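Below is input.cif, which holds mmCIF, C-alpha atoms.
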data_work
#
loop_
_atom_site.label_atom_id
_atom_site.label_comp_id
_atom_site.auth_asym_id
_atom_site.auth_seq_id
_atom_site.Cartn_x
_atom_site.Cartn_y
_atom_site.Cartn_z
CA MET T 1 3.40 4.00 -12.65
CA ARG T 2 6.07 5.44 -14.92
CA THR T 3 7.98 8.57 -15.81
CA ALA T 4 6.00 11.07 -17.86
CA ARG T 5 6.94 11.28 -21.55
CA PRO T 6 7.92 14.65 -23.05
CA ASP T 7 4.74 14.69 -25.13
CA GLU T 8 2.66 14.34 -21.94
CA LEU T 9 3.98 17.37 -20.06
CA ASP T 10 1.13 19.68 -21.07
CA THR T 11 -1.40 17.03 -20.02
CA VAL T 12 0.37 16.61 -16.68
CA ALA T 13 0.23 20.38 -16.14
CA VAL T 14 -3.53 20.43 -16.76
CA LEU T 15 -4.05 17.37 -14.55
CA THR T 16 -2.05 18.92 -11.71
CA GLU T 17 -3.86 22.25 -11.80
CA HIS T 18 -7.29 20.61 -12.05
CA GLY T 19 -6.49 18.07 -9.33
CA PHE T 20 -5.56 20.75 -6.83
CA ALA T 21 -8.46 23.00 -7.84
CA THR T 22 -10.90 20.18 -7.03
CA GLY T 23 -9.10 19.20 -3.82
CA PRO T 24 -9.65 20.31 -0.22
CA PHE T 25 -8.27 23.83 -0.78
CA GLY T 26 -9.98 24.68 -4.06
CA PRO T 27 -8.56 26.72 -6.97
CA THR T 28 -5.79 29.22 -6.40
CA LYS T 29 -5.31 32.70 -7.87
CA ASP T 30 -1.75 33.05 -6.57
CA PRO T 31 0.47 33.59 -9.66
CA GLU T 32 3.50 31.88 -8.12
CA ARG T 33 1.46 28.83 -7.14
CA LEU T 34 -0.20 28.61 -10.56
CA ALA T 35 3.20 28.81 -12.25
CA LEU T 36 4.44 25.88 -10.15
CA LEU T 37 1.35 23.77 -10.88
CA ARG T 38 1.73 24.36 -14.62
CA ASP T 39 5.51 23.90 -14.77
CA ALA T 40 5.56 20.17 -15.45
CA ALA T 41 8.64 20.50 -17.66
CA GLY T 42 10.64 22.21 -14.93
CA ARG T 43 9.65 19.67 -12.31
CA ALA T 44 10.56 16.84 -14.67
CA ALA T 45 14.02 18.34 -15.19
CA ALA T 46 14.46 18.72 -11.43
CA GLY T 47 14.17 14.99 -10.76
CA ASP T 48 11.45 12.60 -11.88
CA LEU T 49 7.89 13.38 -12.90
CA LEU T 50 5.81 10.25 -12.29
CA VAL T 51 2.39 9.53 -13.75
CA ALA T 52 -0.27 6.89 -13.22
CA ALA T 53 -1.76 5.77 -16.53
CA ASP T 54 -4.97 3.79 -16.97
CA GLU T 55 -5.21 2.43 -20.51
CA GLY T 56 -3.28 5.43 -21.79
CA ARG T 57 -5.24 8.03 -19.80
CA LEU T 58 -3.31 9.88 -17.09
CA VAL T 59 -5.13 9.64 -13.75
CA GLY T 60 -2.46 10.83 -11.33
CA THR T 61 0.94 12.42 -11.02
CA VAL T 62 3.61 13.33 -8.48
CA SER T 63 6.94 15.16 -8.69
CA LEU T 64 10.05 13.68 -7.09
CA VAL T 65 12.66 16.44 -6.98
CA ARG T 66 16.28 16.65 -5.96
CA PRO T 67 17.61 19.20 -3.48
CA GLY T 68 19.19 22.36 -4.84
CA THR T 69 16.98 22.46 -7.95
CA GLY T 70 14.75 25.32 -6.84
CA TYR T 71 11.66 23.08 -6.63
CA THR T 72 12.08 21.82 -3.07
CA ARG T 73 10.61 23.40 0.03
CA GLN T 74 11.67 21.05 2.83
CA ALA T 75 14.56 18.92 1.51
CA ARG T 76 18.03 19.18 2.96
CA ALA T 77 21.22 18.49 1.05
CA ASP T 78 20.96 14.69 1.15
CA GLU T 79 17.18 14.34 0.79
CA ALA T 80 14.68 14.09 -2.04
CA GLU T 81 11.29 15.75 -1.84
CA VAL T 82 7.80 14.87 -3.03
CA ARG T 83 5.79 17.74 -4.49
CA LEU T 84 2.31 18.06 -5.94
CA LEU T 85 0.81 14.61 -5.51
CA THR T 86 -2.37 14.76 -7.60
CA THR T 87 -5.14 12.32 -8.52
CA ALA T 88 -7.82 12.99 -11.11
CA PRO T 89 -11.22 13.41 -9.40
CA GLU T 90 -12.73 10.41 -11.17
CA ALA T 91 -9.87 8.15 -9.97
CA ARG T 92 -9.94 9.09 -6.29
CA GLY T 93 -10.45 6.27 -3.83
CA LEU T 94 -8.81 3.71 -6.12
CA GLY T 95 -5.35 3.71 -4.55
CA VAL T 96 -3.68 5.87 -7.21
CA GLY T 97 -2.10 8.21 -4.69
CA ALA T 98 -0.78 5.33 -2.61
CA ALA T 99 0.75 3.70 -5.68
CA LEU T 100 2.40 6.94 -6.78
CA MET T 101 3.85 7.46 -3.32
CA ALA T 102 5.14 3.89 -3.13
CA ALA T 103 6.84 4.37 -6.49
CA SER T 104 8.34 7.66 -5.28
CA ILE T 105 9.81 5.93 -2.23
CA GLU T 106 11.43 3.27 -4.38
CA ARG T 107 12.88 5.76 -6.86
CA ALA T 108 14.21 8.01 -4.12
CA ARG T 109 15.80 5.00 -2.44
CA ALA T 110 17.54 4.18 -5.72
CA TRP T 111 18.97 7.71 -5.85
CA GLY T 112 20.92 6.91 -2.69
CA VAL T 113 19.51 9.81 -0.66
CA SER T 114 19.16 9.56 3.12
CA GLY T 115 15.45 10.26 3.15
CA LEU T 116 12.33 11.57 1.48
CA VAL T 117 10.38 14.59 2.75
CA LEU T 118 7.15 16.36 1.86
CA ASP T 119 4.66 18.81 3.25
CA THR T 120 0.89 19.11 2.99
CA GLY T 121 -1.84 21.39 4.24
CA ALA T 122 -2.88 20.96 7.85
CA ARG T 123 -6.50 20.50 6.69
CA ASN T 124 -5.62 17.80 4.17
CA ALA T 125 -6.53 14.90 6.45
CA ALA T 126 -6.81 12.30 3.67
CA SER T 127 -3.24 12.87 2.51
CA GLN T 128 -1.94 12.80 6.07
CA ARG T 129 -3.60 9.42 6.63
CA LEU T 130 -1.98 8.13 3.44
CA TYR T 131 1.49 9.27 4.48
CA HIS T 132 1.14 7.71 7.92
CA ARG T 133 -0.03 4.45 6.34
CA LEU T 134 3.00 4.36 4.05
CA GLY T 135 5.41 4.75 6.96
CA PHE T 136 6.12 8.49 6.95
CA VAL T 137 6.47 10.27 10.30
CA ARG T 138 5.72 13.86 11.27
CA LEU T 139 8.75 16.17 11.41
CA VAL T 140 7.32 18.76 13.75
CA ASP T 141 10.64 20.56 14.13
CA ARG T 142 10.52 21.48 10.42
CA GLU T 143 7.01 22.91 10.47
CA THR T 144 8.01 26.54 10.13
CA ILE T 145 5.48 27.55 7.46
CA GLU T 146 2.05 28.28 8.87
CA GLY T 147 -0.62 25.87 7.71
CA LEU T 148 1.78 23.15 6.56
CA VAL T 149 2.66 19.85 8.21
CA VAL T 150 5.89 18.08 7.26
CA PHE T 151 6.49 14.35 6.87
CA GLY T 152 9.67 12.36 6.37
CA TYR T 153 10.66 8.84 5.37
CA ASP T 154 14.07 7.82 6.70
CA PHE T 155 15.82 5.22 4.54
CA SER T 156 18.18 4.33 7.40
CA ARG T 157 15.33 2.94 9.50
CA SER T 158 15.26 -0.75 10.26
CA GLY T 159 12.18 -2.94 10.57
CA VAL T 160 9.33 -3.99 8.32
CA LEU T 161 6.64 -1.76 6.86
CA VAL T 162 3.23 -2.95 5.67
CA ARG T 163 1.78 -0.86 2.83
CA LEU T 164 -0.30 -1.16 -0.33
CA VAL T 165 1.42 -2.65 -3.35
CA ALA T 166 2.48 -0.35 -6.19
CA PRO T 167 1.69 -1.34 -9.81
CA HIS T 168 5.37 -1.66 -10.72
CA GLU T 169 5.63 -4.34 -8.00
CA TYR T 170 2.89 -6.63 -9.33
CA ALA T 171 5.33 -8.98 -11.05
CA ARG T 172 7.47 -9.34 -7.92
CA VAL T 173 4.44 -9.99 -5.70
CA SER T 174 3.17 -12.53 -8.21
CA GLN T 175 6.52 -14.33 -8.11
CA LEU T 176 6.67 -14.14 -4.31
CA SER T 177 3.15 -15.57 -3.93
CA VAL T 178 3.75 -18.51 -6.25
CA GLU T 179 7.12 -19.28 -4.66
CA ALA T 180 5.67 -19.15 -1.15
CA TYR T 181 2.87 -21.62 -1.88
CA SER T 182 4.77 -23.93 -4.22
CA HIS T 183 7.68 -24.13 -1.75
CA ASP T 184 5.59 -26.25 0.62
CA TYR T 185 2.67 -27.57 -1.41
CA ASP T 186 1.84 -29.09 -4.76
CA ILE T 187 -0.48 -26.51 -6.28
CA ARG T 188 -2.80 -26.90 -9.22
CA ASP T 189 -2.37 -24.81 -12.36
CA GLU T 190 -5.67 -23.03 -11.70
CA TYR T 191 -4.57 -22.03 -8.20
CA ARG T 192 -1.12 -21.02 -9.44
CA ALA T 193 -2.76 -18.68 -11.96
CA SER T 194 -4.92 -17.18 -9.21
CA LEU T 195 -1.87 -16.58 -7.02
CA ALA T 196 -0.04 -14.92 -9.89
CA ASP T 197 -2.89 -12.59 -10.90
CA VAL T 198 -1.87 -9.71 -8.65
CA SER T 199 -2.99 -7.00 -11.06
CA THR T 200 -6.64 -8.13 -10.98
CA ARG T 201 -6.49 -8.59 -7.22
CA ALA T 202 -5.12 -5.08 -6.69
CA ARG T 203 -7.68 -3.57 -9.05
CA GLU T 204 -10.65 -5.22 -7.37
CA HIS T 205 -9.48 -5.41 -3.76
CA GLU T 206 -6.45 -4.34 -1.65
CA VAL T 207 -3.06 -6.03 -1.90
CA TRP T 208 -0.67 -5.31 0.96
CA VAL T 209 3.06 -5.99 1.05
CA ALA T 210 5.55 -6.27 3.89
CA GLN T 211 8.74 -4.44 2.96
CA ASP T 212 12.15 -4.43 4.61
CA GLN T 213 12.71 -0.73 5.26
CA ALA T 214 16.48 -0.98 5.12
CA THR T 215 16.77 -2.87 1.81
CA GLY T 216 13.42 -2.25 0.11
CA GLU T 217 12.96 -6.01 -0.36
CA LEU T 218 9.38 -7.34 -0.41
CA LEU T 219 9.02 -10.08 2.19
CA GLY T 220 5.34 -11.03 2.13
CA THR T 221 1.85 -10.14 0.99
CA VAL T 222 -1.82 -10.49 1.85
CA ALA T 223 -5.07 -9.45 0.15
CA THR T 224 -8.08 -7.81 1.82
CA PRO T 225 -11.35 -6.37 0.48
CA ARG T 226 -11.99 -2.67 0.09
CA PRO T 227 -14.05 -1.13 2.90
CA GLY T 228 -17.65 -2.33 2.81
CA GLU T 229 -16.88 -5.28 0.52
CA HIS T 230 -15.75 -8.93 0.74
CA ILE T 231 -12.98 -10.81 -1.02
CA SER T 232 -14.45 -14.32 -0.68
CA GLU T 233 -17.73 -16.15 -0.21
CA LEU T 234 -16.81 -16.70 3.43
CA GLY T 235 -17.21 -13.07 4.54
CA GLN T 236 -20.49 -11.96 6.11
CA ASP T 237 -21.84 -8.64 7.33
CA GLY T 238 -19.59 -7.14 10.00
CA GLU T 239 -16.62 -9.29 9.01
CA LEU T 240 -13.37 -8.72 7.17
CA ASP T 241 -12.24 -11.72 5.14
CA PHE T 242 -8.70 -12.02 3.77
CA ARG T 243 -6.91 -14.27 1.33
CA LEU T 244 -3.54 -15.36 -0.04
CA LEU T 245 -1.24 -14.60 2.88
CA ALA T 246 2.25 -15.41 1.58
CA VAL T 247 5.76 -15.03 2.97
CA ALA T 248 8.85 -15.31 0.77
CA PRO T 249 10.69 -18.53 1.67
CA ALA T 250 13.89 -16.59 2.38
CA ALA T 251 12.05 -14.28 4.81
CA ARG T 252 10.56 -16.96 7.05
CA ARG T 253 11.17 -16.97 10.81
CA ARG T 254 11.10 -13.15 10.83
CA GLY T 255 7.51 -12.84 12.01
CA ILE T 256 6.22 -11.63 8.63
CA GLY T 257 3.14 -13.85 8.62
CA VAL T 258 2.23 -12.67 12.13
CA LEU T 259 2.80 -9.04 11.15
CA LEU T 260 0.56 -9.28 8.08
CA THR T 261 -2.19 -11.07 10.00
CA LYS T 262 -2.07 -8.42 12.74
CA HIS T 263 -2.30 -5.79 10.03
CA VAL T 264 -5.51 -7.39 8.76
CA ILE T 265 -6.92 -7.43 12.30
CA GLY T 266 -5.98 -3.77 12.65
CA LEU T 267 -7.87 -2.94 9.46
CA ALA T 268 -10.96 -4.68 10.79
CA ARG T 269 -10.77 -2.65 14.00
CA GLN T 270 -10.38 0.60 12.04
CA ARG T 271 -13.46 -0.27 9.96
CA GLY T 272 -15.60 -1.02 13.01
CA LEU T 273 -16.05 -4.71 12.21
CA HIS T 274 -16.45 -7.47 14.76
CA ARG T 275 -14.66 -10.44 13.22
CA VAL T 276 -11.86 -11.44 10.86
CA VAL T 277 -12.33 -14.66 8.87
CA MET T 278 -10.41 -16.69 6.31
CA ASN T 279 -10.29 -20.08 4.62
CA SER T 280 -7.21 -22.28 4.69
CA GLY T 281 -6.40 -25.47 2.85
CA PRO T 282 -6.47 -28.68 4.92
CA GLN T 283 -2.77 -29.32 4.27
CA MET T 284 -1.54 -25.87 5.37
CA LEU T 285 -0.65 -26.90 8.90
CA GLY T 286 1.89 -24.13 9.45
CA ALA T 287 -0.71 -21.48 8.65
CA HIS T 288 -3.22 -23.17 10.97
CA ALA T 289 -0.73 -23.05 13.82
CA LEU T 290 -0.05 -19.34 13.18
CA TYR T 291 -3.73 -18.44 13.22
CA GLU T 292 -4.45 -20.46 16.35
CA ARG T 293 -1.47 -18.87 18.12
CA LEU T 294 -2.95 -15.43 17.40
CA GLY T 295 -6.35 -16.40 18.80
CA PHE T 296 -8.29 -17.57 15.73
CA VAL T 297 -10.72 -20.45 16.22
CA ARG T 298 -12.18 -22.95 13.79
CA LEU T 299 -15.63 -22.25 12.33
CA PRO T 300 -16.75 -25.80 11.46
CA GLU T 301 -20.27 -24.67 10.59
CA ARG T 302 -18.81 -22.78 7.62
CA GLU T 303 -16.60 -25.60 6.35
CA THR T 304 -18.78 -26.67 3.43
CA ARG T 305 -16.37 -26.69 0.48
CA THR T 306 -14.35 -29.70 -0.61
CA VAL T 307 -10.96 -29.09 -2.20
CA PRO T 308 -8.16 -31.46 -3.25
CA GLY T 309 -6.90 -33.03 -0.04
CA GLY T 310 -10.06 -32.60 2.02
CA THR T 311 -12.40 -29.93 3.34
CA LEU T 312 -11.50 -26.24 3.17
CA LEU T 313 -11.10 -25.06 6.76
CA ALA T 314 -12.56 -21.81 8.11
CA PHE T 315 -11.07 -19.70 10.89
CA GLY T 316 -12.40 -16.65 12.72
CA PHE T 317 -11.04 -14.03 15.09
CA ASP T 318 -13.58 -12.24 17.28
CA LEU T 319 -12.36 -8.69 17.81
CA SER T 320 -14.53 -8.18 20.89
CA THR T 321 -12.74 -10.77 22.99
CA VAL T 322 -9.03 -10.96 22.16
CA PRO T 323 -6.98 -7.80 21.58
CA VAL T 324 -4.03 -8.14 19.22
CA THR T 325 -1.52 -5.31 19.06
CA GLN T 326 0.11 -4.27 15.79
CA GLY T 327 3.76 -3.88 15.12
CA ALA T 328 6.66 -5.44 13.30
CA ARG T 329 9.26 -7.60 14.94
CA PRO T 330 12.69 -6.01 14.28
#
Kindly present the structure from the file in structure tokens form.
Amino acid sequence: MRTARPDELDTVAVLTEHGFATGPFGPTKDPERLALLRDAAGRAAAGDLLVAADEGRLVGTVSLVRPGTGYTRQARADEAEVRLLTTAPEARGLGVGAALMAASIERARAWGVSGLVLDTGARNAASQRLYHRLGFVRLVDRETIEGLVVFGYDFSRSGVLVRLVAPHEYARVSQLSVEAYSHDYDIRDEYRASLADVSTRAREHEVWVAQDQATGELLGTVATPRPGEHISELGQDGELDFRLLAVAPAARRRGIGVLLTKHVIGLARQRGLHRVVMNSGPQMLGAHALYERLGFVRLPERETRTVPGGTLLAFGFDLSTVPVTQGARP
């Protein structure tokens, strides 16, 4: 995720127009709308024009615009606004939109504005799910244009938000993961490299972060598979397996590990699965206590791997018997 270069503005304009033409509302013939889609230079001058690049090829873009520039539709005097979030058709389903939105949140926060707003078509269910997942809330009182729903992200909110990692955060999540594990355990170089390889993990699976909404600080992380897949050899049909739960040492005793584990359980429920499973090293007694407190039980029949220090433990949570509610501890 980065700001578009001046030589890329024409490409961004084509990407934006094509992305919306192949989206849920199809191509437009409205001259005013077409002019906006093609005006990448104007939107760049009005704030920040972000792009997602994959080996030099642009696969997504979003405009982050300041109020009073003529490019906002919902923003008030102290708010920034997101416009024209677009992903290339061939890159849809890969988390590009989520990464662009996460980057927009961070850049808007750095501007010192009070919040971030956006609107989307009432029939654009996929985008609405994304905004909810990233922590936006509906602003029904602002929905004065027929067919549009309005969302806002309030930077004054307190609490912890769980969302997908953005590419510009890979280095920080890598550092956090290594620090979390090496703080308590002696870890091998091979395992350290695996912990640090966030970019591969995010490309192949899902990497979630817990973020302090007031400060923007990343407090913890966990990795899950994409829907219909597994992230480890432990996972079986009907199960969601997760790996590499980590909490920054400075953020401990804030319930971050519990929050991330509950988030994983919530994902399994949403996907219609019946169990959550994970492996844990024999020396990770604190993690074992957390899982058991939440209702996980040992799966000794699956404990077949030997690792330094003993046998790799297996834990499972049966979703049909023990409900676990989601939510962050303030």
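Closest to Glu217 in chain T among T:Arg305, T:Arg271, T:Arg133, T:Arg109 is T:Arg109, based on all atoms listed in the file.
For Met284 in chain T, the residues within 10 Å (counting all atoms listed in the file, excluding itself and residues fewer than 6 positions away along the chain) are Tyr181, Asp184, Tyr185 and Leu313 of chain T.
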Any chance you could tabulate, as JSON lines, the residues of range 29-109 of chain T at most 7 Å from range 115-120 of chain T with each one's nearest atom pair and distance in Å to one decimal, using only C-alpha atoms, in chain and rising number order?
{"residue": "T:Gln74", "atom": "CA", "partner": "T:Leu118", "partner_atom": "CA", "distance": 6.6}
{"residue": "T:Ala75", "atom": "CA", "partner": "T:Val117", "partner_atom": "CA", "distance": 6.1}
{"residue": "T:Glu79", "atom": "CA", "partner": "T:Gly115", "partner_atom": "CA", "distance": 5.0}
{"residue": "T:Ala80", "atom": "CA", "partner": "T:Leu116", "partner_atom": "CA", "distance": 4.9}
{"residue": "T:Glu81", "atom": "CA", "partner": "T:Val117", "partner_atom": "CA", "distance": 4.8}
{"residue": "T:Val82", "atom": "CA", "partner": "T:Leu118", "partner_atom": "CA", "distance": 5.2}
{"residue": "T:Arg83", "atom": "CA", "partner": "T:Leu118", "partner_atom": "CA", "distance": 6.6}
{"residue": "T:Ala108", "atom": "CA", "partner": "T:Leu116", "partner_atom": "CA", "distance": 6.9}
Show me the residues close to (1.1, -5.3, 2.7) - anything with an atom within 10 Å, counting only C-alpha atoms - and format the list as a short mmCIF file (atom, residue, chain, number, x, y, z; two decimals) with C-alpha atoms, keeping the file's coordinate frame.
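Wrote part.cif, looks like this:
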data_model
loop_
_atom_site.label_atom_id
_atom_site.label_comp_id
_atom_site.auth_asym_id
_atom_site.auth_seq_id
_atom_site.Cartn_x
_atom_site.Cartn_y
_atom_site.Cartn_z
CA LEU T 134 3.00 4.36 4.05
CA LEU T 161 6.64 -1.76 6.86
CA VAL T 162 3.23 -2.95 5.67
CA ARG T 163 1.78 -0.86 2.83
CA LEU T 164 -0.30 -1.16 -0.33
CA VAL T 165 1.42 -2.65 -3.35
CA GLU T 206 -6.45 -4.34 -1.65
CA VAL T 207 -3.06 -6.03 -1.90
CA TRP T 208 -0.67 -5.31 0.96
CA VAL T 209 3.06 -5.99 1.05
CA ALA T 210 5.55 -6.27 3.89
CA GLN T 211 8.74 -4.44 2.96
CA LEU T 218 9.38 -7.34 -0.41
CA LEU T 219 9.02 -10.08 2.19
CA GLY T 220 5.34 -11.03 2.13
CA THR T 221 1.85 -10.14 0.99
CA VAL T 222 -1.82 -10.49 1.85
CA ALA T 223 -5.07 -9.45 0.15
CA THR T 224 -8.08 -7.81 1.82
CA LEU T 245 -1.24 -14.60 2.88
CA LEU T 259 2.80 -9.04 11.15
CA LEU T 260 0.56 -9.28 8.08
CA THR T 261 -2.19 -11.07 10.00
CA HIS T 263 -2.30 -5.79 10.03
CA VAL T 264 -5.51 -7.39 8.76
#
Which of T:Gly42, T:Pro300, T:Pro89, T:Pro24 sits closest to Pro6 in chain T [using all atoms listed in the file] =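 For Pro6 in chain T, the nearest of the candidates is T:Gly42.
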Just so the selection is clear, what residues does the PyMOL selection byres ((chain T and resi 282) around 9) cover here, as a list in words?
->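 Applied to this file, the PyMOL selection byres ((chain T and resi 282) around 9) returns Ser280, Gly281, Gln283, Met284, Leu285, His288, Val307, Pro308, Gly309, Gly310, Thr311, Leu312 and Leu313 of chain T.
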Would you kindly return, as a PyMOL selection string, each protein, DNA or RNA residue with an atom no farther than 10 Å from any atom of Thr11 in chain T, considering all atoms listed in the file and excluding same-chain residues fewer than 5 positions away?
-> chain T and resi 4+16+38+40+57-58
Taking C-alpha atoms for each residue, export the selection above as an mmCIF file, in the coordinates of the input.
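Output (part39.cif):
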data_model
loop_
_atom_site.group_PDB
_atom_site.id
_atom_site.type_symbol
_atom_site.label_atom_id
_atom_site.label_comp_id
_atom_site.auth_asym_id
_atom_site.auth_seq_id
_atom_site.Cartn_x
_atom_site.Cartn_y
_atom_site.Cartn_z
ATOM 1 C CA ALA T 4 6.000 11.070 -17.860
ATOM 2 C CA THR T 16 -2.050 18.920 -11.710
ATOM 3 C CA ARG T 38 1.730 24.360 -14.620
ATOM 4 C CA ALA T 40 5.560 20.170 -15.450
ATOM 5 C CA ARG T 57 -5.240 8.030 -19.800
ATOM 6 C CA LEU T 58 -3.310 9.880 -17.090
#
Spatial neighbours of Ala35 in chain T, 12 Å, only C-alpha atoms, chain gap at least 5 places, as a list in words =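 Counting only the stated atoms, we get Ala13, Val14, Thr16, Glu17, Thr28, Lys29, Asp30, Ala40, Ala41, Gly42, Arg43 and Tyr71 of chain T.
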Top pick for closest residue to Leu319 in chain T, considering T:Glu239, T:Glu55, T:Asp10, T:Asp212 and counting all atoms listed in the file |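 The answer is T:Glu239, which sits nearest to Leu319 in chain T.
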Find, counting only C-alpha atoms, the residue in T:Ala171, T:Ala251, T:Leu244, T:Leu130 that gets nearest to Tyr191 in chain T.
->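 For Tyr191 in chain T, the nearest of the candidates is T:Leu244.
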Between CA of His205 in chain T and CA of Gln175 in chain T, what is the spacing in Å?
->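 Pair CA of Gln175 in chain T / CA of His205 in chain T returns 18.8 Å.
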Applied to this file, what does the PyMOL selection byres ((chain T and resi 100) around 12) return in terms of residues, put as JSON, numbers by chain?
-> {"T": [1, 2, 3, 48, 49, 50, 51, 52, 53, 59, 60, 61, 62, 63, 64, 82, 83, 84, 85, 86, 87, 94, 95, 96, 97, 98, 99, 101, 102, 103, 104, 105, 106, 107, 130, 131, 134, 164, 165, 166, 167, 168, 169]}
Please identify all polymer residues within 10 Å of range 228-238 of chain T, counting all atoms listed in the file, omitting same-chain residues fewer than 3 positions from it, and present them as a list of chain:residue names.
-> T:Arg201, T:Glu204, T:His205, T:Glu206, T:Ala223, T:Thr224, T:Pro225, T:Asp241, T:Phe242, T:Arg243, T:Ala268, T:Arg271, T:Gly272, T:Leu273, T:His274, T:Arg275, T:Val276, T:Val277, T:Met278, T:Asn279, T:Arg302, T:Glu303, T:Ala314, T:Phe315
Find the distance between CA of Ala46 in chain T and CA of Arg66 in chain T and write it in Å to one decimal.
-> 6.1 Å
Quick one: apply the PyMOL selection byres ((chain T and resi 196-198) around 7) to the file and drop the selected residues here as an mmCIF file with C-alpha atoms, keeping the file's coordinate frame.
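Once written, expr.cif looks like this:
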data_model
loop_
_atom_site.group_PDB
_atom_site.id
_atom_site.type_symbol
_atom_site.label_atom_id
_atom_site.label_comp_id
_atom_site.auth_asym_id
_atom_site.auth_seq_id
_atom_site.Cartn_x
_atom_site.Cartn_y
_atom_site.Cartn_z
ATOM 1 C CA TYR T 170 2.890 -6.630 -9.330
ATOM 2 C CA VAL T 173 4.440 -9.990 -5.700
ATOM 3 C CA SER T 174 3.170 -12.530 -8.210
ATOM 4 C CA GLN T 175 6.520 -14.330 -8.110
ATOM 5 C CA SER T 177 3.150 -15.570 -3.930
ATOM 6 C CA VAL T 178 3.750 -18.510 -6.250
ATOM 7 C CA ARG T 192 -1.120 -21.020 -9.440
ATOM 8 C CA ALA T 193 -2.760 -18.680 -11.960
ATOM 9 C CA SER T 194 -4.920 -17.180 -9.210
ATOM 10 C CA LEU T 195 -1.870 -16.580 -7.020
ATOM 11 C CA SER T 199 -2.990 -7.000 -11.060
ATOM 12 C CA THR T 200 -6.640 -8.130 -10.980
ATOM 13 C CA ARG T 201 -6.490 -8.590 -7.220
ATOM 14 C CA ALA T 202 -5.120 -5.080 -6.690
#
Among the residues T:Ile145, T:Ala214, T:Ala21, T:Ala45, the one that comes closest to Gly121 in chain T [using all atoms listed in the file] | T:Ile145
Quote the spacing between CA of Val149 in chain T and CA of Phe136 in chain T in Å to one decimal place.
->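 Separation of CA of Val149 in chain T and CA of Phe136 in chain T: 11.9 Å.
Considering the residues T:Thr215, T:Thr306, T:Gln128, T:Thr22 and counting only C-alpha atoms, Ser156 in chain T has its shortest atom-to-atom contact with T:Thr215.
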Can you take the partial range 136-146 of chain T, add N, CA, C and O atoms, and return it as a PDB file, keeping the file's coordinate frame?
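Saved as part38.pdb:
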ATOM      1  N   PHE T 136       5.553   7.172   6.675  1.00  0.00           N
ATOM      2  CA  PHE T 136       6.120   8.490   6.950  1.00  0.00           C
ATOM      3  C   PHE T 136       5.832   8.884   8.396  1.00  0.00           C
ATOM      4  O   PHE T 136       4.857   8.423   8.994  1.00  0.00           O
ATOM      5  N   VAL T 137       6.684   9.755   8.945  1.00  0.00           N
ATOM      6  CA  VAL T 137       6.470  10.270  10.300  1.00  0.00           C
ATOM      7  C   VAL T 137       6.483  11.795  10.256  1.00  0.00           C
ATOM      8  O   VAL T 137       7.123  12.416   9.397  1.00  0.00           O
ATOM      9  N   ARG T 138       5.748  12.403  11.178  1.00  0.00           N
ATOM     10  CA  ARG T 138       5.720  13.860  11.270  1.00  0.00           C
ATOM     11  C   ARG T 138       7.086  14.397  11.684  1.00  0.00           C
ATOM     12  O   ARG T 138       7.742  13.854  12.577  1.00  0.00           O
ATOM     13  N   LEU T 139       7.510  15.472  11.052  1.00  0.00           N
ATOM     14  CA  LEU T 139       8.750  16.170  11.410  1.00  0.00           C
ATOM     15  C   LEU T 139       8.348  17.543  11.946  1.00  0.00           C
ATOM     16  O   LEU T 139       8.454  18.554  11.262  1.00  0.00           O
ATOM     17  N   VAL T 140       7.894  17.547  13.168  1.00  0.00           N
ATOM     18  CA  VAL T 140       7.320  18.760  13.750  1.00  0.00           C
ATOM     19  C   VAL T 140       8.344  19.879  13.805  1.00  0.00           C
ATOM     20  O   VAL T 140       8.004  21.061  13.635  1.00  0.00           O
ATOM     21  N   ASP T 141       9.612  19.524  14.021  1.00  0.00           N
ATOM     22  CA  ASP T 141      10.640  20.560  14.130  1.00  0.00           C
ATOM     23  C   ASP T 141      10.858  21.327  12.836  1.00  0.00           C
ATOM     24  O   ASP T 141      11.452  22.410  12.837  1.00  0.00           O
ATOM     25  N   ARG T 142      10.368  20.795  11.708  1.00  0.00           N
ATOM     26  CA  ARG T 142      10.520  21.480  10.420  1.00  0.00           C
ATOM     27  C   ARG T 142       9.278  22.275  10.023  1.00  0.00           C
ATOM     28  O   ARG T 142       9.244  22.870   8.940  1.00  0.00           O
ATOM     29  N   GLU T 143       8.268  22.256  10.840  1.00  0.00           N
ATOM     30  CA  GLU T 143       7.010  22.910  10.470  1.00  0.00           C
ATOM     31  C   GLU T 143       7.075  24.399  10.799  1.00  0.00           C
ATOM     32  O   GLU T 143       6.498  24.885  11.764  1.00  0.00           O
ATOM     33  N   THR T 144       7.787  25.108   9.932  1.00  0.00           N
ATOM     34  CA  THR T 144       8.010  26.540  10.130  1.00  0.00           C
ATOM     35  C   THR T 144       7.126  27.416   9.256  1.00  0.00           C
ATOM     36  O   THR T 144       7.117  28.639   9.407  1.00  0.00           O
ATOM     37  N   ILE T 145       6.395  26.807   8.322  1.00  0.00           N
ATOM     38  CA  ILE T 145       5.480  27.550   7.460  1.00  0.00           C
ATOM     39  C   ILE T 145       4.064  27.329   7.968  1.00  0.00           C
ATOM     40  O   ILE T 145       3.600  26.185   8.064  1.00  0.00           O
ATOM     41  N   GLU T 146       3.391  28.389   8.294  1.00  0.00           N
ATOM     42  CA  GLU T 146       2.050  28.280   8.870  1.00  0.00           C
ATOM     43  C   GLU T 146       1.107  27.546   7.929  1.00  0.00           C
ATOM     44  O   GLU T 146       1.059  27.808   6.727  1.00  0.00           O
TER      45      GLU T 146
END
